[in-house]
Structure formats: structure tokens, C-alpha cells
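*Asks:* The structure under discussion is supplied below as C-alpha cells; questions concerning it will follow.
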2 protein chains.
Amino acid sequence: MVHDAPMPQRPLKPILPPSPSGCPMDSLLRLIMGQWTCYILWVLCSQGPQRFGTLKRNIPGLSAKVLTERLRLLEDARILYREHVPSIPPQVTYGLTDRGKELLTAMDELFKIAKRWQDEDAEESVADYDRYNG
Amino acid sequence: MVHDAPMPQRPLKPILPPSPSGCPMDSLLRLIMGQWTCYILWVLCSQGPQRFGTLKRNIPGLSAKVLTERLRLLEDARILYREHVPSIPPQVTYGLTDRGKELLTAMDELFKIAKRWQDEDAEESVADYDRYNG
DNA sequence: AAAACCAGTTACTTTGAAGTGCCTACTTTT
DNA sequence: AAAAGTAGGCACTTCAAAGTAACTGGTTTT
């Protein structure tokens with residue numbers, strides 16, 4: 001077993017539960033597809049592990065309810081770890097596991113593509129504008 | 001202009017419309033996130049360009065309504081092209097553009113990861129079972 | 001004394017996406 | 001004569017996901 005995260009303090013659900021279609025890609029997409037999910041991963045990747053409240057403040061508009069849901073799902077999938085110190089007040093830190101880092105690496109390729117397309121489309125819009133306005 | 005697809009026969013909407021957050025990744029994810037979308041792309045990638053009816057038959061459970069929606073979105077994003085021959089009966093063929101092929105290449109990395117994780121998790125389940133049953 | 005912080009949970013409401021069924025207009029097949 | 005195929009369009013319903021608000025309990029701050 002690879003120790004890239006502290007031992008979980010709650011029983012984790014089955015990992016990447018198989019989708020109706022049985023396709024592993026489908027399972028993964030169902031997971032990262034959820035609203036806010038990619039943003040959460042992005043913040044944890046670029047700003048490092050952080051506590052619940054910090055994470056919530058870093059993502060304006062995200063409610064505690066949805067944040068909790070997402071964190072649970074990602075923890076179940078072993079993409080995030082959860083480190084809970086039962087002090088008063090309690091202290092809970094979330095961070096990317098090795099899997100999480102690997103996932104972000106693969107998603108970075110998608111990000112590069114998305115950015116390049118956006119730039120290309122912006123140029124095309126300018127060309128359209130110039131063509132229209134002589 | 002790169003000619004990897006026939007001229008569109010209907011006005012296309014703005015390409016990858018900017019998301020509320022303005023993040024290009026968010027725009028791309030909103031697009032490929034929709035149910036069935038990845039499956040449609042996968043079928044067009046592995047089986048080549050095909051007509052509406054064929055595509056629908058190749059994806060059991062997918063309704064014409066949703067298929068049409070997806071195809072329109074993907075066409076707007078220049079990921080698919082649409083070739084319409086106004087014969088009787090009409091003949092409409094869909095296929096991946098260069099962008100579509102590029103996207104599928106990047107998504108293949110995600111697919112490999114998803115598959116490997118699923119295999120790893122299956123092994124872990126077996127290990128759990130053996131540990132429990134001695 | 002009251003408010004804020006911590007990490008959530010619970011109940012209720014809203015809304016947007018997906019599903020379902022029926023329609024087109026013309027041709028070919030049975 | 002009737003059914004099926006072609007590529008969808010349109011209206012209606014349903015349901016799960018997201019949003020909203022209130023609450024926890026002990027501690028620190030104002």
C-alpha cells in the first residue's frame with residue numbers, strides 16, 4: 001500500500017462505483033462532472049492542501065452543503081485525503097492524493113487545449129469583425 | 001482557414017461561449033460534461049462519420065431529442081461537422097473535425113487513467129475479500 | 001452579552017435537464 | 001393500402017441536483 005495520505009477516519013465507499021454502462025471512463029466523468037468539482041480540485045492543486053473554511057472562501061458562491069458533498073465523493077474515490085484533528089474548534093484539512101495529482105496532470109492537457117481554442121476563437125472573432133467593418 | 005469540414009449550412013453560435021467564471025476549462029467541461037456526449041464522440045471516433053439514424057441506433061437508450069441537442073452543441077463548438085444533403089429522404093452525416101480528433105486524443109489519457117484505477121481497485125477488493133475470509 | 005468561528009447537518013424549495021410521446025412530408029417497401 | 005424510414009421539432013412531465021436557510025456546541029473575540 002502506498003502511503004500518500006493519512007488513514008481515513010470514516011469508512012470509504014466502494015471506489016469509483018461502476019456506472020450503468022460499466023465504462024470506466026463514464027465512472028470517472030460522473031465524478032469530475034459535478035458542478036464545482038473541477039474548481040475545487042484546481043484550487044487544491046494550485047494553492048495546496050487547505051481547511052474546509054479556507055476552501056469555501058476561495059470558491060465564492062459555493063455552499064457548504066455542496067462543498068461537503070463534493071469532498072466526500074472525491075475522498076471516496078481516493079482523489080482527496082481528509083485529515084481531521086478533533087480539537088476545539090475542529091480542524092479538517094483536505095489535499096490531493098497521488099491519484100488526485102495524476103488526474104490533474106491529465107486534465108492539464110485538456111486545459112491547454114481549451115485555452116488554445118479560446119485564443120483561436122478570439123482571433124477569429126476579430127477577423128470577422130474586421131471583415132464586417134472593412 | 002483550415003478545411004477539415006464542409007461549410008456549415010446553418011449559422012453557428014459563438015464558439016465555446018465563455019462560462020460565468022470565464023475559465024476556458026469550465027467552458028470545455030460544460031460542453032463534454034453532458035450525458036451521452038462522450039459516448040457520441042467515442043462512437044464517431046471509433047466507427048467513423050455516420051448519419052443521424054445510424055448514430056442513434058448505435059447508442060441504445062438515447063432519444064432523438066437529446067441526440068439533436070448534443071450534436072448542435074458539438075457542431076457549434078467546431079468539434080463535429082454536419083454534412084446535409086437535401087435529398088429525399090434527407091441525408092445528414094456527422095463526423096469529428098480536427099478539433100474533435102484532438103479532443104479525443106487528450107481524453108484518451110483520462111481513459112487510460114480511469115481504466116488503470118478500476119483495475120487497481122478491483123485488485124484491492126480481492127485483497128480485502130481474502131483478508132476477511134482468511 | 002452578543003457575535004463570530006469552526007465544520008459541517010438537516011429540511012425545504014427551486015430549476016434545469018432529461019425522458020416521453022406525437023407530429024411533419026415525402027418515398028420506398030411490404 | 002398501410003407501414004416504415006428519413007431527420008428532426010414541439011409540448012408536457014418527471015426527477016435529481018443545486019440552492020437556501022436555519023441549526024449544532026464549545027470557544028474566542030468584540
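Ligands are numbered from 1 in the order shown, chains are lettered A, B, ... in the order of the C-alpha cells, and residues start at 1 in each chain.
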Which neighbours of Val92 (chain A) fall inside 6 Å, counting only C-alpha atoms (C1' of nucleotides), when residues of the same chain fewer than 5 positions from it are skipped, and could you give them as a PyMOL selection string?
*Replies:* chain A and resi 51+83-84
*Asks:* I need the chain B residues near chain A as a PDB file with all heavy atoms, in the first residue's frame; criterion: at most 7 Å, counting only C-alpha atoms.
*Replies:*
ATOM      1  N   ILE B  15     -18.446  30.350 -30.526  1.00  0.00           N
ATOM      2  CA  ILE B  15     -17.688  29.150 -30.217  1.00  0.00           C
ATOM      3  C   ILE B  15     -17.357  29.094 -28.737  1.00  0.00           C
ATOM      4  O   ILE B  15     -16.910  30.090 -28.168  1.00  0.00           O
ATOM      5  CB  ILE B  15     -16.385  29.157 -31.020  1.00  0.00           C
ATOM      6  CG1 ILE B  15     -16.649  29.769 -32.403  1.00  0.00           C
ATOM      7  CG2 ILE B  15     -15.827  27.782 -31.127  1.00  0.00           C
ATOM      8  CD1 ILE B  15     -15.427  29.953 -33.208  1.00  0.00           C
ATOM      9  N   PRO B  24     -11.628  28.928 -19.388  1.00  0.00           N
ATOM     10  CA  PRO B  24     -11.809  28.162 -20.619  1.00  0.00           C
ATOM     11  C   PRO B  24     -12.060  26.683 -20.339  1.00  0.00           C
ATOM     12  O   PRO B  24     -12.823  26.027 -21.044  1.00  0.00           O
ATOM     13  CB  PRO B  24     -10.492  28.363 -21.367  1.00  0.00           C
ATOM     14  CG  PRO B  24      -9.530  28.901 -20.382  1.00  0.00           C
ATOM     15  CD  PRO B  24     -10.303  29.533 -19.279  1.00  0.00           C
ATOM     16  N   MET B  25     -11.418  26.176 -19.293  1.00  0.00           N
ATOM     17  CA  MET B  25     -11.613  24.773 -18.915  1.00  0.00           C
ATOM     18  C   MET B  25     -13.069  24.531 -18.551  1.00  0.00           C
ATOM     19  O   MET B  25     -13.646  23.506 -18.906  1.00  0.00           O
ATOM     20  CB  MET B  25     -10.716  24.442 -17.724  1.00  0.00           C
ATOM     21  CG  MET B  25     -10.754  23.010 -17.292  1.00  0.00           C
ATOM     22  SD  MET B  25     -10.125  21.906 -18.566  1.00  0.00           S
ATOM     23  CE  MET B  25     -10.072  20.367 -17.654  1.00  0.00           C
ATOM     24  N   LEU B  28     -15.140  24.211 -21.659  1.00  0.00           N
ATOM     25  CA  LEU B  28     -14.956  22.915 -22.304  1.00  0.00           C
ATOM     26  C   LEU B  28     -15.667  21.810 -21.528  1.00  0.00           C
ATOM     27  O   LEU B  28     -16.327  20.944 -22.110  1.00  0.00           O
ATOM     28  CB  LEU B  28     -13.463  22.597 -22.420  1.00  0.00           C
ATOM     29  CG  LEU B  28     -13.109  21.285 -23.105  1.00  0.00           C
ATOM     30  CD1 LEU B  28     -13.664  21.243 -24.513  1.00  0.00           C
ATOM     31  CD2 LEU B  28     -11.612  21.071 -23.141  1.00  0.00           C
ATOM     32  N   MET B  33     -19.418  17.532 -20.692  1.00  0.00           N
ATOM     33  CA  MET B  33     -19.971  17.005 -19.454  1.00  0.00           C
ATOM     34  C   MET B  33     -21.335  16.365 -19.655  1.00  0.00           C
ATOM     35  O   MET B  33     -21.689  15.432 -18.942  1.00  0.00           O
ATOM     36  CB  MET B  33     -20.154  18.173 -18.501  1.00  0.00           C
ATOM     37  CG  MET B  33     -19.607  18.011 -17.139  1.00  0.00           C
ATOM     38  SD  MET B  33     -19.743  19.610 -16.296  1.00  0.00           S
ATOM     39  CE  MET B  33     -21.513  19.833 -16.218  1.00  0.00           C
ATOM     40  N   ALA B 106      -6.705  13.839 -26.250  1.00  0.00           N
ATOM     41  CA  ALA B 106      -6.450  14.253 -24.862  1.00  0.00           C
ATOM     42  C   ALA B 106      -7.300  13.440 -23.895  1.00  0.00           C
ATOM     43  O   ALA B 106      -6.846  13.067 -22.812  1.00  0.00           O
ATOM     44  CB  ALA B 106      -6.736  15.739 -24.714  1.00  0.00           C
ATOM     45  N   GLU B 109      -6.058   9.974 -22.629  1.00  0.00           N
ATOM     46  CA  GLU B 109      -5.207   9.913 -21.431  1.00  0.00           C
ATOM     47  C   GLU B 109      -6.064   9.688 -20.184  1.00  0.00           C
ATOM     48  O   GLU B 109      -5.740   8.863 -19.327  1.00  0.00           O
ATOM     49  CB  GLU B 109      -4.411  11.212 -21.284  1.00  0.00           C
ATOM     50  CG  GLU B 109      -3.291  11.366 -22.280  1.00  0.00           C
ATOM     51  CD  GLU B 109      -2.320  10.195 -22.230  1.00  0.00           C
ATOM     52  OE1 GLU B 109      -1.804   9.892 -21.136  1.00  0.00           O
ATOM     53  OE2 GLU B 109      -2.108   9.551 -23.280  1.00  0.00           O
ATOM     54  N   LEU B 110      -7.158  10.453 -20.108  1.00  0.00           N
ATOM     55  CA  LEU B 110      -8.078  10.273 -18.984  1.00  0.00           C
ATOM     56  C   LEU B 110      -8.633   8.848 -18.972  1.00  0.00           C
ATOM     57  O   LEU B 110      -8.772   8.230 -17.915  1.00  0.00           O
ATOM     58  CB  LEU B 110      -9.242  11.258 -19.095  1.00  0.00           C
ATOM     59  CG  LEU B 110      -9.008  12.666 -18.566  1.00  0.00           C
ATOM     60  CD1 LEU B 110     -10.295  13.467 -18.654  1.00  0.00           C
ATOM     61  CD2 LEU B 110      -8.539  12.610 -17.119  1.00  0.00           C
ATOM     62  N   PHE B 111      -8.924   8.338 -20.152  1.00  0.00           N
ATOM     63  CA  PHE B 111      -9.486   6.990 -20.247  1.00  0.00           C
ATOM     64  C   PHE B 111      -8.506   5.958 -19.696  1.00  0.00           C
ATOM     65  O   PHE B 111      -8.882   5.058 -18.941  1.00  0.00           O
ATOM     66  CB  PHE B 111      -9.843   6.679 -21.695  1.00  0.00           C
ATOM     67  CG  PHE B 111     -10.485   5.347 -21.867  1.00  0.00           C
ATOM     68  CD1 PHE B 111     -11.824   5.167 -21.564  1.00  0.00           C
ATOM     69  CD2 PHE B 111      -9.754   4.261 -22.309  1.00  0.00           C
ATOM     70  CE1 PHE B 111     -12.423   3.926 -21.703  1.00  0.00           C
ATOM     71  CE2 PHE B 111     -10.346   3.014 -22.451  1.00  0.00           C
ATOM     72  CZ  PHE B 111     -11.682   2.854 -22.149  1.00  0.00           C
ATOM     73  N   ALA B 114      -8.541   6.137 -15.962  1.00  0.00           N
ATOM     74  CA  ALA B 114      -9.775   5.561 -15.418  1.00  0.00           C
ATOM     75  C   ALA B 114      -9.694   4.036 -15.428  1.00  0.00           C
ATOM     76  O   ALA B 114     -10.058   3.374 -14.455  1.00  0.00           O
ATOM     77  CB  ALA B 114     -10.972   6.039 -16.238  1.00  0.00           C
ATOM     78  N   LYS B 115      -9.181   3.494 -16.523  1.00  0.00           N
ATOM     79  CA  LYS B 115      -9.103   2.043 -16.644  1.00  0.00           C
ATOM     80  C   LYS B 115      -8.108   1.467 -15.619  1.00  0.00           C
ATOM     81  O   LYS B 115      -8.401   0.485 -14.944  1.00  0.00           O
ATOM     82  CB  LYS B 115      -8.688   1.679 -18.065  1.00  0.00           C
ATOM     83  CG  LYS B 115      -8.664   0.173 -18.289  1.00  0.00           C
ATOM     84  CD  LYS B 115      -8.958  -0.194 -19.709  1.00  0.00           C
ATOM     85  CE  LYS B 115      -8.987  -1.712 -19.893  1.00  0.00           C
ATOM     86  NZ  LYS B 115      -8.947  -2.461 -18.630  1.00  0.00           N
ATOM     87  N   GLN B 118      -9.556   1.490 -12.167  1.00  0.00           N
ATOM     88  CA  GLN B 118     -10.572   0.468 -11.997  1.00  0.00           C
ATOM     89  C   GLN B 118      -9.924  -0.889 -11.753  1.00  0.00           C
ATOM     90  O   GLN B 118     -10.354  -1.655 -10.890  1.00  0.00           O
ATOM     91  CB  GLN B 118     -11.452   0.412 -13.248  1.00  0.00           C
ATOM     92  CG  GLN B 118     -12.815  -0.207 -12.995  1.00  0.00           C
ATOM     93  CD  GLN B 118     -13.650  -0.301 -14.251  1.00  0.00           C
ATOM     94  OE1 GLN B 118     -13.201  -0.785 -15.284  1.00  0.00           O
ATOM     95  NE2 GLN B 118     -14.874   0.179 -14.169  1.00  0.00           N
ATOM     96  N   ASP B 121      -8.452  -0.951  -8.258  1.00  0.00           N
ATOM     97  CA  ASP B 121      -9.493  -1.071  -7.250  1.00  0.00           C
ATOM     98  C   ASP B 121     -10.055  -2.482  -7.200  1.00  0.00           C
ATOM     99  O   ASP B 121     -10.400  -2.996  -6.140  1.00  0.00           O
ATOM    100  CB  ASP B 121     -10.610  -0.061  -7.528  1.00  0.00           C
ATOM    101  CG  ASP B 121     -10.120   1.370  -7.339  1.00  0.00           C
ATOM    102  OD1 ASP B 121      -9.018   1.539  -6.790  1.00  0.00           O
ATOM    103  OD2 ASP B 121     -10.834   2.306  -7.732  1.00  0.00           O
TER     104      ASP B 121
END
*Asks:* List as JSON lines every residue of chain D that is in contact with chain A, defined as an atom at most 10 Å from one of its atoms (using only C-alpha atoms (C1' of nucleotides)), together with the nearest atom pair and the distance in Å rounded to one decimal, sorted by chain and then rising number.
*Replies:*
{"residue": "D:DA17", "atom": "C1'", "partner": "A:Gly34", "partner_atom": "CA", "distance": 9.3}
{"residue": "D:DA18", "atom": "C1'", "partner": "A:Val66", "partner_atom": "CA", "distance": 7.8}
{"residue": "D:DG19", "atom": "C1'", "partner": "A:Ser63", "partner_atom": "CA", "distance": 8.1}
{"residue": "D:DT20", "atom": "C1'", "partner": "A:Ser63", "partner_atom": "CA", "distance": 9.3}
{"residue": "D:DG25", "atom": "C1'", "partner": "A:Pro89", "partner_atom": "CA", "distance": 9.8}
{"residue": "D:DG26", "atom": "C1'", "partner": "A:Ile88", "partner_atom": "CA", "distance": 7.0}
{"residue": "D:DT27", "atom": "C1'", "partner": "A:Pro89", "partner_atom": "CA", "distance": 7.1}
{"residue": "D:DT28", "atom": "C1'", "partner": "A:Pro89", "partner_atom": "CA", "distance": 9.9}
*Asks:* Should the cut-off be 8 Å, what would the residue list for chain C against chain A look like, counting only C-alpha atoms (C1' of nucleotides), as a ChimeraX atom specification?
*Replies:* /C:6-8
*Asks:* Taking 4 positions as the minimum chain separation for residues in the same chain, which residues sit within 12 Å of Gly95 (chain B) when counting only C-alpha atoms (C1' of nucleotides)? Answer as a ChimeraX atom specification.
*Replies:* /B:4-6,40-52,55,71,74-75,78-84,99-101
*Asks:* Would you output that residue set with C-alpha atoms, as a compact mmCIF listing (two decimals), in the first residue's frame?
*Replies:*
# COMPACT_ATOMS: atom_id res chain seq x y z
CA ASP B 4 -11.24 19.89 -42.26
CA ALA B 5 -15.02 20.02 -42.57
CA PRO B 6 -17.65 21.10 -45.10
CA ILE B 40 -21.38 10.09 -29.00
CA LEU B 41 -17.84 11.30 -29.53
CA TRP B 42 -16.49 7.85 -28.80
CA VAL B 43 -18.75 6.21 -31.36
CA LEU B 44 -17.88 8.78 -34.02
CA CYS B 45 -14.19 8.32 -33.23
CA SER B 46 -14.09 4.54 -33.26
CA GLN B 47 -16.64 3.89 -36.00
CA GLY B 48 -16.09 6.92 -38.23
CA PRO B 49 -18.57 9.52 -39.52
CA GLN B 50 -22.17 8.38 -39.68
CA ARG B 51 -25.72 9.50 -40.25
CA PHE B 52 -28.20 10.58 -37.61
CA LEU B 55 -25.74 7.12 -34.65
CA LEU B 71 -24.97 17.36 -31.98
CA LEU B 74 -20.77 19.97 -30.57
CA GLU B 75 -21.22 21.49 -34.00
CA ARG B 78 -16.49 23.02 -34.05
CA ILE B 79 -15.91 19.59 -32.58
CA LEU B 80 -18.24 17.94 -35.07
CA TYR B 81 -19.12 18.83 -38.61
CA ARG B 82 -22.57 18.35 -40.12
CA GLU B 83 -22.99 17.47 -43.77
CA HIS B 84 -26.53 17.87 -45.04
CA ARG B 99 -10.65 19.74 -33.08
CA GLY B 100 -12.75 16.72 -32.30
CA LYS B 101 -9.88 14.37 -33.02
*Asks:* Which parts of chain B does DSSP call strand (DSSP E or B) when run on the backbone here, written out as a list in words?
*Replies:*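 Reading the DSSP output for chain B, strand (DSSP E or B) covers Gln50, Arg51, Leu80, Tyr81, Arg82, Glu83, His84, Val85, Gln91, Val92, Thr93, Tyr94, Gly95 and Leu96 of chain B.
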*Asks:* Report, in Å with one decimal, the straight-line distance from C1' of DA4 (chain C) to C1' of DT29 (chain D).
*Replies:*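 Pair C1' of DA4 (chain C) / C1' of DT29 (chain D) returns 7.6 Å.
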*Asks:* Check the smallest atom-to-atom distance from each of C:DT30, C:DT14, C:DT9, C:DT24 to DG8 (chain D) using only C-alpha atoms (C1' of nucleotides), then report the winner.
*Replies:* C:DT24
*Asks:* Between B:Leu73, B:Asp130, B:Leu31, B:Leu96, which one has atoms that come closest to Lys13 (chain B), using only C-alpha atoms?
*Replies:*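 Using only C-alpha atoms, the shortest distance to Lys13 (chain B) belongs to B:Leu73.
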*Asks:* Measuring atom to atom with only C-alpha atoms (C1' of nucleotides), identify which of C:DC22, C:DA3, C:DT10, C:DG16 is nearest to DA11 (chain D).
*Replies:* C:DC22
*Asks:* Skipping near chain neighbours, those fewer than 2 positions away, what residues fall within 10 Å of DC23 (chain C) using only C-alpha atoms (C1' of nucleotides), listed as a PDB file with C-alpha atoms (C1' of nucleotides), in the first residue's frame?
*Replies:*
ATOM      1  C1'  DG C  21     -44.996  10.758 -26.975  1.00  0.00           C
TER       2       DG C  21
ATOM      3  C1'  DG D   9     -39.468  19.699 -33.864  1.00  0.00           C
ATOM      4  C1'  DC D  10     -42.621  20.608 -30.034  1.00  0.00           C
TER       5       DC D  10
END
*Asks:* For a test of reading the model, state the distance in Å between C1' of DA4 (chain D) and CA of Ile59 (chain B), rounded to one decimal.
*Replies:*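 Taking C1' of DA4 (chain D) and CA of Ile59 (chain B), their separation equals 20.4 Å.
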*Asks:* So the first atom is CA of Arg10 (chain A) and the second is CA of Thr93 (chain A); what is the distance between them in Å, to one decimal place?
*Replies:*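 Result for CA of Arg10 (chain A) versus CA of Thr93 (chain A): 14.4 Å, one decimal.
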